[in-house]
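Enquirer: Take this structure, written in structure tokens, and hold onto it; I'll ask about it next.
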There are 2 protein chains.
Amino acid sequence: MNARMSLAPSSPSSPGTTLLVLDAEPLPRLGRLTGRVRVEHADTSTLAEKLPSADALLVWDFASDAVRRAWPGEGPRPRWVHTASAGVDHLMCPELAASDTVVTNARGVFDQPIAEYVAALVLAMAKDLPRTWDLQRDREWRHRESQRVAGTRACVVGSGPIGRAIVRTLKALDITTALVGRRPRTGIHGPAELDRLMARADWVVCAAPLTDETHGMFDARRFGMMQPSARFINVGRGQLVVERALAEALSKRWIAGAALDVFEHEPLGPDSPLWQVPGLIVSPHMSGDTIGWRDELSAQFLELYDRWAAGEPLRNVVDKKRGYVPGH
Amino acid sequence: MNARMSLAPSSPSSPGTTLLVLDAEPLPRLGRLTGRVRVEHADTSTLAEKLPSADALLVWDFASDAVRRAWPGEGPRPRWVHTASAGVDHLMCPELAASDTVVTNARGVFDQPIAEYVAALVLAMAKDLPRTWDLQRDREWRHRESQRVAGTRACVVGSGPIGRAIVRTLKALDITTALVGRRPRTGIHGPAELDRLMARADWVVCAAPLTDETHGMFDARRFGMMQPSARFINVGRGQLVVERALAEALSKRWIAGAALDVFEHEPLGPDSPLWQVPGLIVSPHMSGDTIGWRDELSAQFLELYDRWAAGEPLRNVVDKKRGYVPGH
């Protein structure tokens, strides 16, 4: 018997309910659900088989695109999918978007950590810290002049909570900051202004969700438009950037530097040419992952679970057509 | 004839006045003084000989301690000495302190740049950027958890304009910050509270002037008092820190990391063991030197020169007994 069939809509959770967890590593705090729900685990190979009998799905292994591949086209499927990530690109597919399944995300957990990470990159590039490390390794004392960040201009692309936290943090460093989102509203510029704002920015920061509209948006044309002194930072998704175009822009000195924390293919293999592009800082998708992040993600999921079990409206509900939680 | 003798006190500058410049490299903008004052140049070897006939001395080569060694004990000497640096430790000596010569410094020029540099180091250490560079060099994708800086505690030692700018910048990053100065006053803790504040700080930042009181203040006892997770940053003067004690504290993991921008002996030679102390970031005394800094220092001197030439009171006057410009 499929447990979901026996449940009234107002009481979606019971010991007969099944929570399926797609995980590659243990999830803290899940013991709190003992006796309240049947918890099953799946990996990439078993997900398709287990998905139809699950009432809810927790995508803990957010690096996997298994959900997109395993999602059942018709028939029984989870009524709720939560992903322990800000982006939902790895799980969205037309069938999920068209279904009545509610999708929620980890909105909020990564905002401040990513904003700090971007500030760290901006300051490290302004103060020439990568070169300082190289010189230290070579035991060479070489004084250089560095840059002031106060008074410089940033253009932040992506007006969700992460982009807005980045703006707050850069402004706190006296950087003049413009925010660009999908549609213009108070304090946020629309896409029509992106090229103009980017062309005069010292820092172009990408924190946009990956959607059909944003895929490959940072391409040769846009890198060619930036100032030769500009630096580009991507903490959104790898596919927002045409990596080959960025590597070429750096090699040809169209722009002065860049930092990528996300990549088209993760993990980046040892053979990737990106490791050695001049002026490019490569980090392993860690901008939002501060100590305790798994605990925070878990606590956030359990709070949502309590709401779902009580039949209360969920928070952080993703607009499945747009591919993110709509803001104000 | 000594030009100084013919000048009334209210008109200290004339074409007969001599401005001596201790410089190791050209000084921008000095051409503005053409026809107004006789400009002579000295280096370390000629300073002692030229000093008695100078009315004013500009210490442009602030890395040199030639002034301290060459200062005339008695007899004619400059009435005004300006140093293009925040610290005056390199030129002060008992004879200069006891004389009626006015000493001014470059107060203000370095505040914001050094504050940004400290923020860059704090964020780089919190986000483990040095390790990221090492891993990139090795083409190795290794995800780590990093630290949030918001909510951490800093203890900034040195309550002059540089220390206060550091406090403002760290506070803007939501770091809880305590400032320690020579005497307690509103918003500033006295030296008696240093050990207590330092012992609970995540970041201990030294931006104090080098004086008899502060010499070697960061020693084994103080490093032993800090938290094992704490990081130490020195942007003041090298002699404030007992370098051997810091190296030992890092090697023994008494503290988690450190960054030195200033050293007991500068430049640091290739044989110094400091280059390779684990967890120590070494940079070549560059924290305050942002693009245009020489121009700013020069503009600041020329403004002071105009005041001096007009017989107006000087700004940035150093309390020669204390060794810095007293604050409020």
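By order of appearance in the structure tokens: chains A, B, ..., then residues from 1 within every chain, and ligands from 1 in the order shown.
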Skipping near chain neighbours, those fewer than 2 positions away, what residues fall within 9 Å of Ala220 in chain A using only C-alpha atoms, listed as a PyMOL selection string?
Expert: chain A and resi 218+222-225+242+244-246+248-249
Enquirer: Compute the chain B side of the contact with chain A at 8 Å, counting only C-alpha atoms, and hand it back as a PyMOL selection string.
Expert: chain B and resi 113+116-117+119-121+123-124+127+130+132-133+136-137+139-149+169+172-173+267-271+275-276+281-286+289-291
Enquirer: Calculated over only C-alpha atoms, which of the candidates A:Arg153, A:Arg29, A:His82, A:His265 has the smallest distance to Thr104 in chain A?
Expert: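 Between A:Arg153, A:Arg29, A:His82, A:His265, the residue approaching Thr104 in chain A most closely is A:His82.
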Enquirer: DSSP on the backbone: what in range 80-314 of chain A comes out strand (DSSP E or B), as number ranges by chain?
Expert: A: 80-83, 102-104, 146, 153-157, 176-180, 185, 188-189, 203-206, 218, 231-234, 241, 257-260, 280-282, 290
Enquirer: Leaving out Ala97 in chain B and any residue of its chain fewer than 2 positions from it, which residues lie within 10 Å of it when counting only C-alpha atoms, given as a list in words?
Expert: Leu91, Met92, Cys93, Pro94, Glu95, Ser99, Asp100, Thr101, Val102, Val103, Asp319, Lys320, Lys321, Arg322 and Gly323 of chain B
Enquirer: Record the distance separating CA of Pro278 in chain B and CA of Gly257 in chain B, expressed in Å with one decimal.
Expert: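 Computing it gives 8.0 Å between the two atoms.
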Enquirer: Pick out the residues sitting within 8 Å of range 178-195 of chain B, and hand them over as a VMD selection string; count only C-alpha atoms, and ignore anything fewer than 4 positions along from it in its own chain.
Expert: chain B and resid 153 to 160 163 to 164 167 199 222 225
Enquirer: Using the selection just defined, write its residues with N, CA and C atoms as a CSV table (one decimal), in the first residue's frame.
Expert:
chain,number,residue,atom,x,y,z
B,153,ARG,N,35.2,38.0,17.2
B,153,ARG,CA,35.7,39.2,18.0
B,153,ARG,C,37.1,39.6,17.6
B,154,ALA,N,37.3,40.9,17.5
B,154,ALA,CA,38.6,41.4,17.2
B,154,ALA,C,39.1,42.3,18.4
B,155,CYS,N,40.4,42.3,18.6
B,155,CYS,CA,41.0,43.2,19.6
B,155,CYS,C,42.0,44.0,18.8
B,156,VAL,N,41.8,45.3,18.6
B,156,VAL,CA,42.7,46.1,17.9
B,156,VAL,C,43.6,47.0,18.8
B,157,VAL,N,44.9,46.9,18.7
B,157,VAL,CA,45.8,47.5,19.6
B,157,VAL,C,46.4,48.7,18.9
B,158,GLY,N,46.2,49.9,19.5
B,158,GLY,CA,46.6,51.1,18.8
B,158,GLY,C,45.4,52.0,18.5
B,159,SER,N,45.2,53.1,19.2
B,159,SER,CA,44.0,53.8,19.1
B,159,SER,C,44.1,55.1,18.3
B,160,GLY,N,45.2,55.2,17.5
B,160,GLY,CA,45.4,56.3,16.5
B,160,GLY,C,44.4,56.2,15.4
B,163,GLY,N,44.3,52.6,13.8
B,163,GLY,CA,43.5,51.7,14.6
B,163,GLY,C,42.0,51.9,14.6
B,164,ARG,N,41.7,53.2,14.6
B,164,ARG,CA,40.3,53.5,14.6
B,164,ARG,C,39.6,53.2,13.2
B,167,VAL,N,39.0,49.5,13.2
B,167,VAL,CA,37.8,49.2,13.9
B,167,VAL,C,36.6,49.4,13.1
B,199,ALA,N,42.7,37.7,25.2
B,199,ALA,CA,42.5,36.3,25.5
B,199,ALA,C,41.2,35.8,24.9
B,222,ARG,N,52.1,36.8,25.9
B,222,ARG,CA,50.9,37.3,25.3
B,222,ARG,C,50.4,36.3,24.2
B,225,MET,N,48.6,33.5,25.8
B,225,MET,CA,47.3,33.9,26.4
B,225,MET,C,46.2,33.8,25.4
Enquirer: Could you tell me how far CA of His41 in chain B lies from CA of Arg315 in chain B, in Å and to one decimal?
Expert: 24.0 Å
Enquirer: Mind the document's chain letters and residue numbers, and return as a PyMOL selection string the residues of range 227-309 of chain A that DSSP labels alpha helix (DSSP H).
Expert: chain A and resi 243-251+293-309
Enquirer: Quote the spacing between CA of Gly236 in chain B and CA of Ile166 in chain B in Å to one decimal place.
Expert: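 It comes out at 11.9 Å.
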